[in-house]
Amino acid sequence: MIRFIAPLALALVAFVGGAPAASAMKIEKIVSPGGIEAWLVREQATPLVALNYAFHGGSSQDTPEKSGTANLVADMLDEGAGDLDSKAYHERLEQRAIEMSFRVGRDYFFGSVRTLNEHRDEAFDLLRLALTKPRFDADALERVRGQELAGLRRETTNPNDLASRAWWSAAFPNHPYGRETKGSLETVPRITADDLRDYVKRAFARNELTISIVGDIDAKAAGELIDRAFGGLPAKNDLKPVPEATPRGLGRRIVINLDVPQAVVTFGGTGIERNDPDFMAGYIVNHILGGGSFSSRLYREVREKRGLAYGVSDSLVWFKRAAVILGGTATRADRTADALDIIEKETKRMAEEGPTADELAAAKSFLKGSYALSLDTSGKIAAQLTQIQLDKLGIDYIERRGAMIDAVTIEDAKRVAKRLYGGGMLVTVAGRPKGLTSTGTPE
């Protein structure tokens, strides 16, 4: 759920040019008077403050019969808090041009605030109310629930959503990662306001809280704002353990019949954890195979040479308890088998041969040069710093990243390519692909 206010948008556009370059960025570790740690980047070019934060928990804390609870919390936090009902809360945001958002992943609950400096006290007060005194009023809950259910109904005829849901369900059966964060048409109606309150009580706490702040603010003021927003939270969360998992169903193909002009393909397999010493080599190899949208082998073979799809890509995805490679494409129903055959052959070829020296050099150059694009606004910087903290990469990661990429040798790349792509894939297809049927059996 995102509330974006136009006056702030204009100021943020001005801030793009003022964002510090990655190489010149100074990241400070600060501790608030209340003992809450955060990373701070001071940027005085424009009078803005951007906050990004994450609580451990996410949709993995949902029960199977009420999946979608964390997502509904995210959609409801700005629908009234404290003595402000939904209308009054939104008016406060709009009057002060405050941007506030909440988002749920499988492992984390993310939030952000961006505000003009002159309104930062009120912005952090509104955040405090949302996190510590959400109302979850009945009328607002039913309105937001109705919106979510309408979206879920649309997804029942959307091939992208059907292929994705089928992939996750087959890859992680009976595991929280196998359930969609948004829940389902069966589970969302069961969620009550008490369920939302229980999630907030268990997940929103000061321990395992990750915070990043970027803007025209010093360490003292930043610490005071942190305590203002988060100081009233419980000291410790109460999360259910999530078991380790690896994707299952590798070598299996699932076809979901749907009367649409194109077929959507989702494919993937076992990935590599973010703290694995081979991660950077795997990241580069994946870029060569399918991560570089216009330069990858898959794009060249599927799109450029044969015109079978508008786009095709894959990426590394990592969680606290699992890691996967996940990719996808959409193509004509009568050419789906051809596109999938090429994807499988190129994946196998990468596993057996690895990348060439020229491909490795080009990928390194691109990945080093393009990184600055993820750090060109205050919001992007804050989000990136939060992810770096969650991944435990160290406060100097941005400085070390280029050297880490350069250190990957062709031998490393070939070895890790075999590790990543030699284990087979789980494939789901939504549509009416000519000549393709489901193969394999559920595990």
# chains A, B, ... in the order shown; residues from 1 in each chain; ligands from 1
$ select_by_dssp --residues "range 203-421 of chain A" --states "helix (DSSP H, G or I)" --output "PyMOL selection string"
chain A and resi 203+219-230+279-291+297-304+333-353+357-369+371-375+378-390+397-406+410-421
$ write_last_selection --atoms "C-alpha atoms" --output "CSV table (one decimal), in the first residue's frame"
chain,number,residue,atom,x,y,z
A,203,ALA,CA,6.2,-9.0,14.5
A,219,ALA,CA,23.0,11.7,13.6
A,220,LYS,CA,21.5,13.4,16.7
A,221,ALA,CA,18.3,14.4,15.0
A,222,ALA,CA,18.1,11.0,13.2
A,223,GLY,CA,18.4,9.2,16.5
A,224,GLU,CA,15.6,11.2,18.0
A,225,LEU,CA,13.3,10.5,15.0
A,226,ILE,CA,14.1,6.8,15.3
A,227,ASP,CA,13.0,6.7,18.9
A,228,ARG,CA,10.0,8.9,18.1
A,229,ALA,CA,8.7,6.3,15.6
A,230,PHE,CA,10.0,3.0,17.0
A,279,PHE,CA,27.2,-16.1,-4.6
A,280,MET,CA,29.0,-13.4,-6.6
A,281,ALA,CA,30.2,-16.0,-9.2
A,282,GLY,CA,26.6,-17.2,-9.4
A,283,TYR,CA,25.3,-13.7,-9.7
A,284,ILE,CA,27.6,-13.0,-12.7
A,285,VAL,CA,26.8,-16.4,-14.3
A,286,ASN,CA,23.1,-15.8,-13.9
A,287,HIS,CA,23.4,-12.4,-15.5
A,288,ILE,CA,25.1,-14.0,-18.5
A,289,LEU,CA,22.4,-16.6,-18.9
A,290,GLY,CA,19.3,-14.7,-18.3
A,291,GLY,CA,19.8,-11.8,-15.9
A,297,ARG,CA,22.0,-15.8,-23.8
A,298,LEU,CA,18.3,-16.5,-23.3
A,299,TYR,CA,17.2,-13.1,-24.7
A,300,ARG,CA,19.5,-13.5,-27.7
A,301,GLU,CA,18.4,-17.1,-28.5
A,302,VAL,CA,14.7,-16.8,-27.7
A,303,ARG,CA,14.0,-13.2,-28.7
A,304,GLU,CA,16.6,-11.9,-31.1
A,333,ALA,CA,0.7,-21.0,-27.7
A,334,ASP,CA,1.9,-22.8,-30.8
A,335,ARG,CA,5.5,-21.9,-30.2
A,336,THR,CA,5.7,-22.5,-26.4
A,337,ALA,CA,7.3,-25.8,-26.8
A,338,ASP,CA,10.0,-24.3,-29.0
A,339,ALA,CA,10.8,-21.5,-26.6
A,340,LEU,CA,10.9,-23.9,-23.6
A,341,ASP,CA,13.2,-26.2,-25.5
A,342,ILE,CA,15.7,-23.4,-26.2
A,343,ILE,CA,15.6,-22.3,-22.6
A,344,GLU,CA,16.3,-25.8,-21.4
A,345,LYS,CA,19.1,-26.3,-23.9
A,346,GLU,CA,20.8,-23.0,-23.1
A,347,THR,CA,20.5,-23.8,-19.4
A,348,LYS,CA,22.1,-27.2,-19.9
A,349,ARG,CA,24.8,-25.7,-22.1
A,350,MET,CA,25.7,-23.2,-19.4
A,351,ALA,CA,25.9,-26.0,-16.8
A,352,GLU,CA,28.2,-28.0,-19.0
A,353,GLU,CA,30.4,-25.3,-20.6
A,357,ALA,CA,36.0,-15.3,-21.0
A,358,ASP,CA,34.5,-12.5,-23.2
A,359,GLU,CA,31.0,-13.0,-21.6
A,360,LEU,CA,32.5,-12.9,-18.2
A,361,ALA,CA,34.4,-9.7,-18.8
A,362,ALA,CA,31.4,-8.0,-20.3
A,363,ALA,CA,29.2,-9.0,-17.4
A,364,LYS,CA,31.7,-7.8,-14.9
A,365,SER,CA,31.9,-4.4,-16.6
A,366,PHE,CA,28.1,-4.0,-16.8
A,367,LEU,CA,27.4,-5.1,-13.2
A,368,LYS,CA,30.0,-2.7,-11.8
A,369,GLY,CA,28.9,0.2,-14.0
A,371,TYR,CA,25.1,-0.4,-9.8
A,372,ALA,CA,25.0,3.4,-9.4
A,373,LEU,CA,21.5,3.3,-11.0
A,374,SER,CA,20.2,1.6,-7.9
A,375,LEU,CA,21.5,4.4,-5.8
A,378,SER,CA,17.3,8.9,-1.5
A,379,GLY,CA,14.6,6.3,-1.5
A,380,LYS,CA,16.7,3.8,-3.5
A,381,ILE,CA,19.7,4.4,-1.3
A,382,ALA,CA,17.7,3.8,1.9
A,383,ALA,CA,16.2,0.6,0.5
A,384,GLN,CA,19.6,-0.7,-0.7
A,385,LEU,CA,21.2,0.0,2.7
A,386,THR,CA,18.4,-1.9,4.4
A,387,GLN,CA,18.9,-4.9,2.2
A,388,ILE,CA,22.6,-4.8,2.7
A,389,GLN,CA,22.0,-4.9,6.4
A,390,LEU,CA,19.5,-7.8,6.2
A,397,TYR,CA,29.9,-3.6,1.0
A,398,ILE,CA,29.4,-0.8,-1.6
A,399,GLU,CA,33.1,0.0,-1.5
A,400,ARG,CA,34.1,-3.7,-1.7
A,401,ARG,CA,31.6,-4.8,-4.3
A,402,GLY,CA,33.6,-3.9,-7.4
A,403,ALA,CA,36.6,-5.8,-6.1
A,404,MET,CA,34.4,-8.8,-5.3
A,405,ILE,CA,33.2,-8.9,-8.9
A,406,ASP,CA,36.7,-8.6,-10.3
A,410,ILE,CA,36.6,-18.0,-15.3
A,411,GLU,CA,37.3,-21.2,-13.4
A,412,ASP,CA,35.0,-20.0,-10.6
A,413,ALA,CA,32.3,-19.1,-13.1
A,414,LYS,CA,32.4,-22.5,-14.8
A,415,ARG,CA,32.3,-24.4,-11.5
A,416,VAL,CA,29.4,-22.4,-10.2
A,417,ALA,CA,27.5,-22.6,-13.5
A,418,LYS,CA,27.5,-26.4,-13.1
A,419,ARG,CA,26.4,-26.1,-9.5
A,420,LEU,CA,23.6,-23.7,-10.3
A,421,TYR,CA,22.2,-25.2,-13.5
$ residues_around --residues "Asp161 in chain A" --least-positions-apart "5" --cutoff "10 Å" --atoms "only C-alpha atoms" --output "list in words"
Leu152, Arg154, Glu155, Thr156, Ala166, Trp167, Glu180, Val264, Thr266 and Ala430 of chain A
$ write_last_selection --atoms "N, CA and C atoms" --output "CSV table (one decimal), in the first residue's frame"
chain,number,residue,atom,x,y,z
A,152,LEU,N,-7.6,-10.7,-6.3
A,152,LEU,CA,-7.4,-12.1,-6.3
A,152,LEU,C,-8.3,-12.8,-7.3
A,154,ARG,N,-9.3,-11.4,-10.1
A,154,ARG,CA,-8.7,-11.2,-11.5
A,154,ARG,C,-7.5,-12.1,-11.7
A,155,GLU,N,-6.8,-12.5,-10.7
A,155,GLU,CA,-5.7,-13.3,-10.9
A,155,GLU,C,-6.1,-14.8,-11.3
A,156,THR,N,-7.3,-15.1,-11.0
A,156,THR,CA,-7.7,-16.5,-11.4
A,156,THR,C,-7.8,-16.7,-12.9
A,166,ALA,N,1.4,-21.6,-9.2
A,166,ALA,CA,1.6,-23.1,-9.4
A,166,ALA,C,3.1,-23.4,-9.1
A,167,TRP,N,4.0,-22.6,-9.6
A,167,TRP,CA,5.4,-22.9,-9.4
A,167,TRP,C,5.8,-22.9,-7.9
A,180,GLU,N,1.3,-17.8,-1.4
A,180,GLU,CA,1.4,-16.4,-1.9
A,180,GLU,C,1.2,-15.4,-0.8
A,264,VAL,N,2.1,-18.5,-20.7
A,264,VAL,CA,3.1,-17.9,-19.8
A,264,VAL,C,3.9,-19.1,-19.2
A,266,THR,N,6.8,-20.2,-16.4
A,266,THR,CA,7.7,-19.9,-15.2
A,266,THR,C,8.6,-21.1,-15.0
A,430,ALA,N,1.0,-21.7,-18.1
A,430,ALA,CA,-0.4,-21.4,-18.0
A,430,ALA,C,-0.8,-20.9,-19.4
$ atom_distance --atom1 "CA of His56 in chain A" --atom2 "CA of Phe110 in chain A"
8.9 Å
$ residues_around --residues "Pro247 in chain A" --least-positions-apart "6" --cutoff "6 Å" --atoms "only C-alpha atoms" --output "PDB file with N, CA and C atoms, in the first residue's frame"
ATOM      1  N   ALA A 171       7.016 -26.044  -5.773  1.00  0.00           N
ATOM      2  CA  ALA A 171       8.406 -26.002  -5.299  1.00  0.00           C
ATOM      3  C   ALA A 171       8.499 -26.113  -3.788  1.00  0.00           C
ATOM      4  N   PHE A 172       7.518 -25.559  -3.078  1.00  0.00           N
ATOM      5  CA  PHE A 172       7.559 -25.566  -1.610  1.00  0.00           C
ATOM      6  C   PHE A 172       6.227 -26.034  -1.034  1.00  0.00           C
ATOM      7  N   THR A 270      17.039 -24.817  -7.883  1.00  0.00           N
ATOM      8  CA  THR A 270      17.783 -24.491  -6.669  1.00  0.00           C
ATOM      9  C   THR A 270      18.756 -23.348  -6.925  1.00  0.00           C
TER      10      THR A 270
END
$ select_by_dssp --residues "range 219-418 of chain A" --states "strand (DSSP E)" --output "ChimeraX atom specification"
/A:253-257,262-270,309-318,323-332
$ write_last_selection --atoms "N, CA and C atoms" --output "short mmCIF file (atom, residue, chain, number, x, y, z; two decimals), in the first residue's frame"
data_model
loop_
_atom_site.label_atom_id
_atom_site.label_comp_id
_atom_site.auth_asym_id
_atom_site.auth_seq_id
_atom_site.Cartn_x
_atom_site.Cartn_y
_atom_site.Cartn_z
N ARG A 253 7.02 -30.81 -15.08
CA ARG A 253 6.36 -29.74 -15.84
C ARG A 253 4.86 -29.79 -15.54
N ILE A 254 4.30 -28.63 -15.20
CA ILE A 254 2.89 -28.52 -14.87
C ILE A 254 2.23 -27.58 -15.86
N VAL A 255 1.21 -28.06 -16.56
CA VAL A 255 0.50 -27.24 -17.53
C VAL A 255 -0.89 -26.92 -16.98
N ILE A 256 -1.22 -25.62 -16.90
CA ILE A 256 -2.52 -25.17 -16.44
C ILE A 256 -3.30 -24.68 -17.64
N ASN A 257 -4.37 -25.37 -17.99
CA ASN A 257 -5.13 -25.01 -19.18
C ASN A 257 -5.91 -23.71 -18.96
N GLN A 262 -1.64 -16.20 -25.46
CA GLN A 262 -0.26 -16.57 -25.20
C GLN A 262 -0.18 -17.52 -24.02
N ALA A 263 0.91 -18.25 -23.97
CA ALA A 263 1.18 -19.09 -22.81
C ALA A 263 2.29 -18.44 -22.00
N VAL A 264 2.15 -18.48 -20.69
CA VAL A 264 3.15 -17.93 -19.79
C VAL A 264 3.92 -19.08 -19.16
N VAL A 265 5.24 -18.98 -19.18
CA VAL A 265 6.11 -20.02 -18.65
C VAL A 265 6.87 -19.48 -17.44
N THR A 266 6.84 -20.21 -16.35
CA THR A 266 7.69 -19.92 -15.20
C THR A 266 8.60 -21.11 -14.98
N PHE A 267 9.89 -20.87 -14.82
CA PHE A 267 10.84 -21.97 -14.65
C PHE A 267 11.85 -21.61 -13.57
N GLY A 268 12.36 -22.63 -12.89
CA GLY A 268 13.35 -22.34 -11.86
C GLY A 268 13.81 -23.59 -11.16
N GLY A 269 14.80 -23.40 -10.32
CA GLY A 269 15.39 -24.51 -9.59
C GLY A 269 16.11 -24.02 -8.35
N THR A 270 17.04 -24.82 -7.88
CA THR A 270 17.78 -24.49 -6.67
C THR A 270 18.76 -23.35 -6.93
N ALA A 309 9.50 -14.64 -28.27
CA ALA A 309 8.94 -13.95 -27.10
C ALA A 309 9.42 -12.52 -27.09
N TYR A 310 8.66 -11.67 -26.43
CA TYR A 310 9.09 -10.28 -26.30
C TYR A 310 10.25 -10.17 -25.33
N GLY A 311 10.23 -11.00 -24.31
CA GLY A 311 11.31 -10.98 -23.33
C GLY A 311 11.40 -12.30 -22.60
N VAL A 312 12.56 -12.57 -22.04
CA VAL A 312 12.79 -13.76 -21.25
C VAL A 312 13.94 -13.46 -20.30
N SER A 313 13.82 -13.88 -19.06
CA SER A 313 14.87 -13.59 -18.09
C SER A 313 14.78 -14.55 -16.92
N ASP A 314 15.83 -14.58 -16.13
CA ASP A 314 15.79 -15.29 -14.87
C ASP A 314 16.65 -14.54 -13.86
N SER A 315 16.49 -14.87 -12.60
CA SER A 315 17.22 -14.15 -11.56
C SER A 315 17.42 -15.05 -10.36
N LEU A 316 18.38 -14.65 -9.52
CA LEU A 316 18.60 -15.33 -8.26
C LEU A 316 17.69 -14.71 -7.20
N VAL A 317 17.00 -15.55 -6.46
CA VAL A 317 16.11 -15.10 -5.40
C VAL A 317 16.50 -15.83 -4.12
N TRP A 318 16.71 -15.07 -3.05
CA TRP A 318 17.13 -15.72 -1.81
C TRP A 318 16.26 -15.28 -0.65
N ALA A 323 16.84 -20.72 -1.25
CA ALA A 323 17.32 -19.89 -2.36
C ALA A 323 16.93 -20.57 -3.66
N VAL A 324 16.50 -19.77 -4.63
CA VAL A 324 16.06 -20.34 -5.90
C VAL A 324 16.59 -19.51 -7.07
N ILE A 325 16.58 -20.13 -8.24
CA ILE A 325 16.69 -19.43 -9.51
C ILE A 325 15.28 -19.39 -10.08
N LEU A 326 14.83 -18.24 -10.53
CA LEU A 326 13.46 -18.13 -11.03
C LEU A 326 13.44 -17.30 -12.29
N GLY A 327 12.79 -17.83 -13.33
CA GLY A 327 12.71 -17.12 -14.59
C GLY A 327 11.36 -17.26 -15.23
N GLY A 328 11.18 -16.56 -16.35
CA GLY A 328 9.89 -16.65 -17.02
C GLY A 328 9.90 -16.02 -18.39
N THR A 329 8.87 -16.35 -19.16
CA THR A 329 8.66 -15.76 -20.48
C THR A 329 7.20 -15.94 -20.85
N ALA A 330 6.78 -15.27 -21.91
CA ALA A 330 5.44 -15.44 -22.47
C ALA A 330 5.59 -15.53 -23.98
N THR A 331 4.87 -16.47 -24.60
CA THR A 331 5.04 -16.70 -26.02
C THR A 331 3.75 -17.24 -26.62
N ARG A 332 3.68 -17.31 -27.95
CA ARG A 332 2.51 -17.84 -28.62
C ARG A 332 2.29 -19.29 -28.22
#
